[in-house]
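With mmCIF, C-alpha atoms inside, this is structure-v5.cif:
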data_upload
loop_
_atom_site.label_atom_id
_atom_site.label_comp_id
_atom_site.auth_asym_id
_atom_site.auth_seq_id
_atom_site.Cartn_x
_atom_site.Cartn_y
_atom_site.Cartn_z
CA PRO A 1 19.51 -13.03 -2.53
CA ASP A 2 17.54 -15.09 -5.06
CA ARG A 3 15.98 -14.78 -8.52
CA ARG A 4 13.07 -12.68 -7.24
CA HIS A 5 15.01 -10.15 -5.18
CA ALA A 6 16.84 -7.15 -6.64
CA HIS A 7 19.87 -7.31 -4.34
CA GLY A 8 23.08 -9.28 -4.52
CA ARG A 9 24.17 -9.52 -0.89
CA PRO A 10 22.54 -10.76 2.33
CA THR A 11 20.76 -7.95 4.22
CA PRO A 12 18.84 -8.01 7.52
CA THR A 13 15.05 -7.83 7.13
CA SER A 14 14.16 -6.88 10.71
CA GLY A 15 13.74 -3.13 10.19
CA GLY A 16 9.95 -3.47 10.21
CA LEU A 17 10.05 -4.33 13.91
CA ALA A 18 11.54 -0.90 14.62
CA LEU A 19 8.87 0.73 12.45
CA ILE A 20 6.14 -1.03 14.42
CA ALA A 21 7.68 -0.17 17.79
CA ALA A 22 8.23 3.49 16.90
CA THR A 23 4.71 3.94 15.51
CA VAL A 24 2.98 2.24 18.44
CA ALA A 25 5.09 4.11 21.02
CA GLY A 26 4.44 7.43 19.32
CA VAL A 27 0.68 6.94 19.10
CA VAL A 28 0.48 5.69 22.71
CA ALA A 29 2.20 8.93 23.75
CA LEU A 30 -0.66 10.84 22.11
CA LEU A 31 -3.44 8.89 23.87
CA PRO A 32 -3.76 10.86 27.15
CA GLY A 33 -6.67 13.22 26.66
CA ALA A 34 -7.43 11.78 23.22
CA GLY A 35 -10.91 11.94 21.72
CA GLU A 36 -13.55 9.75 20.16
CA THR A 37 -11.32 7.54 18.02
CA THR A 38 -9.11 6.27 20.86
CA ARG A 39 -10.65 2.79 20.97
CA ASP A 40 -10.76 2.38 17.20
CA LEU A 41 -7.19 3.54 16.70
CA ALA A 42 -5.94 1.28 19.50
CA LEU A 43 -7.63 -1.72 17.88
CA LEU A 44 -6.24 -0.74 14.46
CA LEU A 45 -2.74 -0.58 15.90
CA GLY A 46 -3.23 -3.95 17.59
CA LEU A 47 -4.42 -5.67 14.42
CA ALA A 48 -1.77 -4.03 12.23
CA GLY A 49 0.87 -4.93 14.79
CA ALA A 50 -0.32 -8.54 14.87
CA LEU A 51 -0.03 -8.74 11.08
CA GLY A 52 3.41 -7.15 11.29
CA LEU A 53 4.59 -9.73 13.81
CA TYR A 54 3.23 -12.49 11.58
CA GLY A 55 5.22 -10.90 8.76
CA ALA A 56 8.35 -10.96 10.92
CA ALA A 57 7.86 -14.68 11.49
CA ASP A 58 7.28 -15.13 7.75
CA ASP A 59 10.60 -13.36 7.08
CA VAL A 60 12.29 -16.09 9.13
CA TRP A 61 10.33 -19.22 8.19
CA ASP A 62 8.87 -18.28 4.77
CA PHE A 63 5.27 -19.44 5.16
CA PRO A 64 3.20 -20.46 2.12
CA ALA A 65 1.55 -17.53 0.32
CA THR A 66 -1.91 -18.96 1.00
CA HIS A 67 -1.23 -18.92 4.76
CA LYS A 68 -0.15 -15.29 4.56
CA LEU A 69 -3.31 -14.39 2.64
CA LEU A 70 -5.47 -16.19 5.20
CA ALA A 71 -3.89 -14.21 8.04
CA GLN A 72 -4.50 -10.96 6.17
CA VAL A 73 -8.14 -11.81 5.48
CA LEU A 74 -8.85 -12.82 9.10
CA LEU A 75 -7.32 -9.66 10.57
CA ALA A 76 -8.99 -7.43 7.96
CA LEU A 77 -12.32 -9.14 8.69
CA ALA A 78 -11.82 -8.54 12.42
CA PHE A 79 -11.23 -4.85 11.72
CA SER A 80 -14.34 -4.66 9.52
CA LEU A 81 -16.54 -6.35 12.12
CA TRP A 82 -15.28 -4.75 15.34
CA VAL A 83 -13.62 -1.45 14.46
CA ALA A 84 -14.94 0.38 11.40
CA ARG A 85 -16.07 -0.18 7.84
CA ILE A 86 -16.93 1.69 4.66
CA ASP A 87 -20.73 1.82 4.74
CA VAL A 88 -21.50 4.78 2.44
CA LEU A 89 -20.40 5.35 -1.15
CA PRO A 90 -21.11 8.80 -2.68
CA LEU A 91 -21.53 7.67 -6.30
CA ALA A 92 -22.83 10.78 -8.07
CA PRO A 93 -24.30 14.21 -7.32
CA GLY A 94 -27.20 13.59 -4.97
CA VAL A 95 -26.61 9.82 -4.93
CA ARG A 96 -25.28 8.19 -1.76
CA LEU A 97 -25.32 4.41 -1.66
CA GLU A 98 -25.92 3.04 1.83
CA LEU A 99 -24.26 -0.38 1.87
CA PRO A 100 -25.84 -3.34 3.68
CA ALA A 101 -23.71 -4.49 6.60
CA VAL A 102 -22.51 -7.66 4.88
CA VAL A 103 -21.47 -5.70 1.77
CA ALA A 104 -19.74 -3.04 3.87
CA VAL A 105 -17.79 -5.71 5.75
CA GLY A 106 -16.80 -7.46 2.53
CA LEU A 107 -15.76 -4.22 0.82
CA THR A 108 -13.68 -3.04 3.78
CA THR A 109 -12.02 -6.43 4.15
CA ALA A 110 -11.15 -6.49 0.45
CA TRP A 111 -9.81 -2.92 0.61
CA LEU A 112 -7.46 -3.75 3.46
CA VAL A 113 -6.21 -6.99 1.88
CA VAL A 114 -5.55 -5.24 -1.44
CA VAL A 115 -3.63 -2.36 0.18
CA VAL A 116 -1.56 -4.72 2.36
CA ASN A 117 -0.58 -6.90 -0.59
CA ALA A 118 0.08 -3.94 -2.86
CA VAL A 119 2.55 -2.46 -0.38
CA ASN A 120 4.08 -5.87 0.27
CA PHE A 121 4.52 -6.77 -3.41
CA MET A 122 6.12 -3.42 -4.27
CA ASP A 123 8.62 -3.50 -1.42
CA GLY A 124 11.58 -4.70 -3.45
CA SER A 125 13.73 -1.65 -4.11
CA ASN A 126 15.67 0.67 -1.80
CA GLY A 127 13.41 3.30 -0.29
CA LEU A 128 10.68 2.95 -2.92
CA VAL A 129 7.78 1.84 -0.76
CA VAL A 130 8.98 3.41 2.50
CA GLY A 131 9.18 6.86 0.89
CA ALA A 132 5.83 6.41 -0.86
CA ASN A 133 4.22 5.40 2.44
CA VAL A 134 5.62 8.50 4.15
CA LEU A 135 4.09 10.70 1.46
CA SER A 136 0.72 8.87 1.61
CA LEU A 137 0.58 9.15 5.41
CA ALA A 138 1.40 12.85 5.22
CA GLY A 139 -1.38 13.28 2.67
CA LEU A 140 -3.88 11.38 4.82
CA GLY A 141 -2.90 13.46 7.85
CA ALA A 142 -3.42 16.68 5.90
CA LEU A 143 -6.82 15.42 4.68
CA ALA A 144 -7.79 14.52 8.27
CA ALA A 145 -6.84 18.02 9.44
CA LEU A 146 -8.80 19.67 6.62
CA ALA A 147 -11.84 17.48 7.40
CA GLY A 148 -11.77 18.47 11.09
CA ALA A 149 -11.20 14.86 12.20
CA ASP A 150 -10.14 13.86 15.69
CA PRO A 151 -6.62 15.31 16.25
CA LEU A 152 -5.57 11.82 17.33
CA LEU A 153 -6.04 10.62 13.74
CA VAL A 154 -3.96 13.52 12.44
CA GLY A 155 -1.30 12.74 15.04
CA ALA A 156 -1.27 9.03 14.20
CA CYS A 157 -0.63 9.80 10.53
CA ALA A 158 2.20 12.16 11.52
CA VAL A 159 3.74 9.62 13.90
CA ALA A 160 3.66 6.83 11.33
CA ALA A 161 5.13 9.11 8.65
CA THR A 162 7.89 10.19 11.04
CA ALA A 163 8.68 6.56 11.87
CA GLY A 164 9.07 5.91 8.14
CA LEU A 165 11.40 8.90 7.80
CA GLY A 166 13.47 7.56 10.68
CA PHE A 167 13.83 4.22 8.93
CA LEU A 168 14.48 5.62 5.46
CA PRO A 169 18.24 6.39 5.88
CA TRP A 170 18.82 2.73 6.73
CA ASN A 171 17.13 1.65 3.50
CA PHE A 172 18.01 4.45 1.06
CA PRO A 173 20.09 5.08 -0.96
CA ARG A 174 22.08 2.02 0.18
CA ALA A 175 20.14 -0.84 1.72
CA ARG A 176 21.75 -1.61 5.07
CA LEU A 177 18.40 -2.82 6.41
CA PHE A 178 15.06 -3.92 4.95
CA GLN A 179 11.66 -3.50 6.59
CA GLY A 180 10.69 -7.00 5.48
CA ASP A 181 7.16 -8.36 5.56
CA ALA A 182 6.90 -7.08 9.13
CA GLY A 183 7.14 -3.45 8.05
CA SER A 184 5.34 -3.65 4.71
CA GLN A 185 2.31 -5.55 6.02
CA PHE A 186 2.05 -3.40 9.15
CA SER A 187 2.29 -0.19 7.10
CA GLY A 188 -0.18 -1.36 4.47
CA PHE A 189 -2.76 -2.37 7.07
CA LEU A 190 -2.25 0.87 9.01
CA ILE A 191 -2.64 3.13 5.96
CA GLY A 192 -5.73 1.27 4.75
CA GLY A 193 -7.24 1.26 8.25
CA LEU A 194 -6.57 4.97 8.83
CA ALA A 195 -8.41 5.76 5.59
CA VAL A 196 -11.42 3.74 6.81
CA LEU A 197 -11.39 5.47 10.21
CA LEU A 198 -11.24 8.84 8.48
CA ALA A 199 -14.23 7.81 6.33
CA GLY A 200 -16.37 8.23 9.45
CA ARG A 201 -15.70 11.97 9.16
CA GLU A 202 -14.98 12.24 5.44
CA PRO A 203 -16.80 9.50 3.45
CA THR A 204 -14.55 9.84 0.41
CA ALA A 205 -11.30 9.38 2.37
CA PRO A 206 -10.76 5.84 0.97
CA LEU A 207 -11.08 7.31 -2.54
CA PHE A 208 -8.34 9.82 -1.68
CA ALA A 209 -6.15 7.02 -0.30
CA ALA A 210 -6.72 4.93 -3.44
CA VAL A 211 -5.70 7.83 -5.69
CA ALA A 212 -2.63 8.56 -3.53
CA ALA A 213 -1.60 4.91 -3.84
CA LEU A 214 -2.28 4.66 -7.60
CA PRO A 215 1.40 4.12 -8.54
CA ILE A 216 1.50 1.10 -6.20
CA LEU A 217 -2.01 -0.25 -6.80
CA THR A 218 -1.81 0.05 -10.58
CA ASP A 219 1.48 -1.81 -10.92
CA VAL A 220 0.38 -4.60 -8.60
CA LEU A 221 -3.16 -5.15 -9.87
CA LEU A 222 -2.41 -4.86 -13.59
CA THR A 223 0.63 -7.11 -13.28
CA LEU A 224 -1.61 -9.74 -11.64
CA VAL A 225 -4.18 -9.28 -14.42
CA ASP A 226 -1.44 -9.72 -17.01
CA ARG A 227 -0.15 -12.86 -15.32
CA THR A 228 -3.68 -14.24 -15.18
CA ARG A 229 -4.13 -13.52 -18.88
CA ARG A 230 -0.93 -15.41 -19.64
CA ARG A 231 -1.93 -18.22 -17.26
CA ARG A 232 1.00 -17.67 -14.92
CA PRO A 233 0.58 -18.82 -11.29
CA LEU A 234 -0.47 -15.89 -9.09
CA PHE A 235 1.09 -17.21 -5.88
CA HIS A 236 4.57 -17.75 -7.35
CA ALA A 237 7.32 -15.18 -6.90
CA HIS A 238 8.23 -13.26 -10.05
CA ARG A 239 9.97 -10.17 -11.39
CA GLU A 240 7.31 -8.79 -13.72
CA HIS A 241 6.29 -5.56 -12.00
CA VAL A 242 7.19 -2.43 -13.95
CA TYR A 243 9.59 -1.26 -11.27
CA GLN A 244 11.44 -4.60 -11.40
CA LEU A 245 11.65 -4.59 -15.19
CA TRP A 246 12.87 -0.99 -15.06
CA LEU A 247 15.66 -1.94 -12.68
CA ASP A 248 16.63 -4.98 -14.74
CA HIS A 249 16.76 -3.35 -18.16
CA THR A 250 17.47 0.39 -17.90
CA GLY A 251 20.90 0.13 -16.28
CA LYS A 252 19.88 2.70 -13.66
CA GLY A 253 19.96 2.08 -9.93
CA HIS A 254 17.61 1.99 -6.96
CA ALA A 255 18.03 5.68 -6.11
CA ALA A 256 17.01 6.80 -9.59
CA LEU A 257 13.96 4.55 -9.42
CA ALA A 258 12.95 5.75 -5.94
CA TRP A 259 13.09 9.44 -6.89
CA ARG A 260 10.91 8.80 -9.93
CA PHE A 261 8.43 6.72 -7.98
CA TRP A 262 8.21 9.30 -5.19
CA ALA A 263 7.53 11.99 -7.79
CA LEU A 264 4.71 9.86 -9.22
CA THR A 265 3.31 9.35 -5.71
CA GLY A 266 3.50 13.08 -4.99
CA ALA A 267 1.67 13.81 -8.24
CA ALA A 268 -0.98 11.21 -7.32
CA ILE A 269 -1.47 12.81 -3.90
CA GLY A 270 -1.85 16.22 -5.56
CA LEU A 271 -4.44 14.69 -7.87
CA GLY A 272 -6.17 13.23 -4.82
CA PHE A 273 -6.48 16.68 -3.26
CA ALA A 274 -7.73 18.11 -6.55
CA ILE A 275 -10.44 15.45 -6.67
CA HIS A 276 -11.25 16.10 -3.00
CA SER A 277 -11.80 19.78 -3.79
CA ALA A 278 -14.57 18.83 -6.22
CA PRO A 279 -18.17 18.44 -5.01
CA GLU A 280 -18.60 15.17 -3.11
CA GLY A 281 -20.91 13.66 -5.71
CA TRP A 282 -18.28 13.98 -8.44
CA ARG A 283 -15.41 12.39 -6.54
CA PHE A 284 -16.23 8.74 -7.29
CA GLY A 285 -16.38 9.36 -11.04
CA LEU A 286 -13.20 11.44 -10.96
CA THR A 287 -11.46 8.66 -9.03
CA LEU A 288 -12.45 6.16 -11.71
CA ALA A 289 -11.08 8.54 -14.34
CA ALA A 290 -7.82 8.85 -12.38
CA ALA A 291 -7.60 5.06 -12.21
CA GLY A 292 -8.03 4.94 -15.99
CA VAL A 293 -5.15 7.39 -16.42
CA GLY A 294 -3.05 5.26 -14.06
CA CYS A 295 -3.75 2.15 -16.17
CA LEU A 296 -2.80 3.98 -19.35
CA LEU A 297 0.44 5.22 -17.78
CA TRP A 298 1.26 1.67 -16.63
CA ALA A 299 0.81 0.37 -20.18
CA VAL A 300 2.99 3.13 -21.61
CA LEU A 301 5.77 2.52 -19.09
CA ARG A 302 5.65 -1.25 -19.44
CA ARG A 303 5.43 -1.45 -23.20
CA PRO A 304 9.17 -0.95 -23.90
CA LEU A 305 10.05 -3.77 -21.50
CA ARG A 306 8.64 -7.25 -21.63
CA ALA A 307 8.60 -9.72 -18.76
CA ASP A 308 11.02 -11.99 -20.62
CA GLY A 309 13.54 -9.17 -20.79
CA SER A 310 13.14 -8.50 -24.50
CA ARG A 311 12.07 -5.26 -26.10
CA PRO A 312 9.30 -4.99 -28.68
CA GLY A 313 10.55 -6.35 -31.97
CA GLY A 314 13.53 -7.99 -30.24
#
Written as structure tokens, that's how I'd like the structure from this file.
Amino acid sequence: PDRRHAHGRPTPTSGGLALIAATVAGVVALLPGAGETTRDLALLLGLAGALGLYGAADDVWDFPATHKLLAQVLLALAFSLWVARIDVLPLAPGVRLELPAVVAVGLTTAWLVVVVNAVNFMDGSNGLVVGANVLSLAGLGALAALAGADPLLVGACAVAATAGLGFLPWNFPRARLFQGDAGSQFSGFLIGGLAVLLAGREPTAPLFAAVAALPILTDVLLTLVDRTRRRRPLFHAHREHVYQLWLDHTGKGHAALAWRFWALTGAAIGLGFAIHSAPEGWRFGLTLAAAGVGCLLWAVLRRPLRADGSRPGG
């Protein structure tokens, strides 16, 4: 326990190793007779697993934040160069932007790093991120099935979601075990990478994944923007995310927060499917509109609680 964490007693952080092992074992069991994405999925698992193992070491030795970021960038860059990347953006009806290779690599690398850090930063309350990841993986798996993607991709999403469900009782409602950086970084990289792999079949899959993850992405990115505006150091630990302020000042517990956050995630996934049902050319604009709604909701939720613990006018 310390000033940044929301718990008052020592708790093991090694649960992420079980998540990694279960996910890898489950996907390997699906490989015999698998289709066209076998190589890409194997490489994704390897890179995500490597980041997870780095996270496990970080849980023990607490590496500097800049070292962690460098590891994320290098592994995300390796994925973008050797596995898959986002190379087409459907921007408007009849408008498809073909990205130059260097732009596609940069965009994919940035996407993976953002998703990994968003999941990692939000993993501070019992069950909150684990449950949200399960829902996002289930949504991605359903999207893959609807898009007619390789059944191996659908199976990988199902396996990873099931691994999260297996871990959840250890972390929710009472935290007997945390997934630590091992689990959060592995899961973030895997979810982001699965969305990129699915983009080969369904170009707007990363847009769906971004909408599904809006509750996580909005809180993380806007909190960083707010800290930048107030000239607070970005690499220092803090308790200024909305979910942290909510825990600190509402008097309600982790379970109440998790149920609310899961409901928001479920609503975001439903919105993602609604956007996906629109013509392809409209999906980018609708995703931007959804992001705008997410920003507005963040401001509304955060307004009653300030980072210094005071309420407006107090």
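Residue membership of the PyMOL selection byres ((chain A and resi 115) around 9) in the shown file amounts to Ala110, Trp111, Leu112, Val113, Val114, Val116, Asn117, Ala118, Val119, Asn120, Gln185, Gly188, Phe189, Ile191, Gly192, Ala210, Ala213, Ile216 and Leu217 of chain A.
Residue membership of the PyMOL selection byres ((chain A and resi 92-109) around 8) in the shown file amounts to Val73, Ala76, Leu77, Phe79, Ser80, Leu81, Arg85, Ile86, Asp87, Val88, Leu89, Pro90, Leu91, Ala110, Trp111, Leu112, Val113, Val196, Pro279, Glu280, Gly281, Trp282, Arg283, Phe284 and Gly285 of chain A.
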**OP:** Using the chain letters and numbering of this document, enumerate as a VMD selection string the residues selected by the PyMOL selection byres ((chain A and resi 60) around 12).
**Re:** chain A and resid 12 to 14 53 to 59 61 to 63 180 to 182
Write the residues of the preceding selection, restricted to C-alpha atoms, as a CSV table (one decimal), in the coordinates of the input.
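Full text of selection-v2.csv as output:
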chain,number,residue,atom,x,y,z
A,12,PRO,CA,18.8,-8.0,7.5
A,13,THR,CA,15.0,-7.8,7.1
A,14,SER,CA,14.2,-6.9,10.7
A,53,LEU,CA,4.6,-9.7,13.8
A,54,TYR,CA,3.2,-12.5,11.6
A,55,GLY,CA,5.2,-10.9,8.8
A,56,ALA,CA,8.4,-11.0,10.9
A,57,ALA,CA,7.9,-14.7,11.5
A,58,ASP,CA,7.3,-15.1,7.8
A,59,ASP,CA,10.6,-13.4,7.1
A,61,TRP,CA,10.3,-19.2,8.2
A,62,ASP,CA,8.9,-18.3,4.8
A,63,PHE,CA,5.3,-19.4,5.2
A,180,GLY,CA,10.7,-7.0,5.5
A,181,ASP,CA,7.2,-8.4,5.6
A,182,ALA,CA,6.9,-7.1,9.1
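With all atoms listed in the file as the atoms that count, the minimum distance from A:Leu214 to the choices A:Ala289, A:Leu146, A:Pro151, A:Ser184 is reached by A:Ala289.
The residue that comes closest to A:Gln244, out of A:Asn126, A:Thr265, A:Thr66, A:Thr37 and on the basis of only C-alpha atoms, is A:Asn126.
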Produce the centre coordinates and the three edge lengths, each in Å to one decimal, of the box along x, y and z that contains all listed atoms of stretch 285-296 of chain A with 8 Å added on each side, as lines of an AutoDock Vina configuration file.
center_x = -9.6
center_y = 6.8
center_z = -14.2
size_x = 29.6
size_y = 25.3
size_z = 26.3
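Computed from the coordinates, the atom CA of A:Tyr243 to atom CA of A:Val220 distance equals 10.2 Å.
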**OP:** Would you mind telling me which residue in A:Leu41, A:Leu224, A:Ala21, A:Leu207 lies nearest to A:Ile275 when using all atoms listed in the file?
**Re:** A:Leu207
Original post:
Looking at all atoms listed in the file, which of A:Val300, A:Val225, A:Ala205, A:Ala160 is the one that sits closest to A:Gly272?
Top reply: A:Ala205
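Once A:Thr250 and its same-chain neighbours fewer than 2 positions away are set aside, Val242, Tyr243, Gln244, Leu245, Trp246, Leu247, Asp248, Lys252, Gly253, His254, Ala256, Leu257, Leu301, Pro304, Leu305, Gly309, Ser310 and Arg311 of chain A remain within 12 Å of it when counting only C-alpha atoms.
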Original post:
Near A:Asn133, within 8 Å and counting all atoms listed in the file, which residues show up once chain neighbours fewer than 2 positions away are dropped, as a PyMOL selection string?
Top reply: chain A and resi 129-131+135-137+161+164+187
**OP:** Measure the distance from atom CA of A:Met122 to atom CA of A:Pro173 in Å and round it to one decimal.
**Re:** 16.7 Å
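Of note, atom CA of A:Ala147 and atom CA of A:Val159 are spaced 18.6 Å apart.
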Original post:
Pick the closest to A:Ala142 from A:Asn171, A:Ile269, A:Leu19, A:Pro10: which is it, counting only C-alpha atoms?
Top reply: A:Ile269
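With only C-alpha atoms as the atoms that count, the residue of A:Cys295, A:Leu75, A:Val28, A:Leu190 with the shortest distance to A:Thr218 is A:Cys295.
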Taking the partial coordinates given, rebuild stretch 170-184 of chain A to contain N, CA, C and O atoms; return it as a short mmCIF file (atom, residue, chain, number, x, y, z; two decimals), keeping the file's coordinate frame.
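Result file follows (result.cif):
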data_model
loop_
_atom_site.label_atom_id
_atom_site.label_comp_id
_atom_site.auth_asym_id
_atom_site.auth_seq_id
_atom_site.Cartn_x
_atom_site.Cartn_y
_atom_site.Cartn_z
N TRP A 170 18.28 4.08 6.65
CA TRP A 170 18.82 2.73 6.73
C TRP A 170 18.54 1.93 5.46
O TRP A 170 19.16 0.90 5.22
N ASN A 171 17.59 2.39 4.67
CA ASN A 171 17.13 1.65 3.50
C ASN A 171 17.42 2.37 2.18
O ASN A 171 17.31 1.77 1.12
N PHE A 172 17.82 3.64 2.26
CA PHE A 172 18.01 4.45 1.06
C PHE A 172 19.11 5.48 1.30
O PHE A 172 19.15 6.09 2.36
N PRO A 173 20.03 5.71 0.37
CA PRO A 173 20.09 5.08 -0.96
C PRO A 173 20.71 3.69 -0.97
O PRO A 173 20.52 2.94 -1.91
N ARG A 174 21.48 3.36 0.11
CA ARG A 174 22.08 2.02 0.18
C ARG A 174 21.30 1.20 1.20
O ARG A 174 21.03 1.67 2.30
N ALA A 175 20.96 -0.01 0.84
CA ALA A 175 20.14 -0.84 1.72
C ALA A 175 21.00 -1.54 2.77
O ALA A 175 21.59 -2.59 2.51
N ARG A 176 21.09 -0.93 3.96
CA ARG A 176 21.75 -1.61 5.07
C ARG A 176 20.74 -2.45 5.84
O ARG A 176 21.12 -3.33 6.61
N LEU A 177 19.46 -2.17 5.64
CA LEU A 177 18.40 -2.82 6.41
C LEU A 177 17.11 -2.78 5.59
O LEU A 177 16.81 -1.77 4.96
N PHE A 178 16.37 -3.87 5.59
CA PHE A 178 15.06 -3.92 4.95
C PHE A 178 13.97 -3.93 6.02
O PHE A 178 14.19 -4.41 7.14
N GLN A 179 12.78 -3.43 5.65
CA GLN A 179 11.66 -3.50 6.59
C GLN A 179 11.00 -4.87 6.58
O GLN A 179 10.30 -5.22 7.52
N GLY A 180 11.23 -5.66 5.53
CA GLY A 180 10.69 -7.00 5.48
C GLY A 180 9.17 -7.02 5.45
O GLY A 180 8.50 -5.98 5.38
N ASP A 181 8.61 -8.22 5.51
CA ASP A 181 7.16 -8.36 5.56
C ASP A 181 6.59 -7.72 6.82
O ASP A 181 5.44 -7.28 6.82
N ALA A 182 7.37 -7.70 7.89
CA ALA A 182 6.90 -7.08 9.13
C ALA A 182 6.51 -5.63 8.89
O ALA A 182 5.40 -5.19 9.24
N GLY A 183 7.39 -4.87 8.28
CA GLY A 183 7.14 -3.45 8.05
C GLY A 183 6.13 -3.19 6.96
O GLY A 183 5.25 -2.34 7.09
N SER A 184 6.24 -3.92 5.84
CA SER A 184 5.34 -3.65 4.71
C SER A 184 3.90 -4.02 5.04
O SER A 184 2.97 -3.27 4.70
#
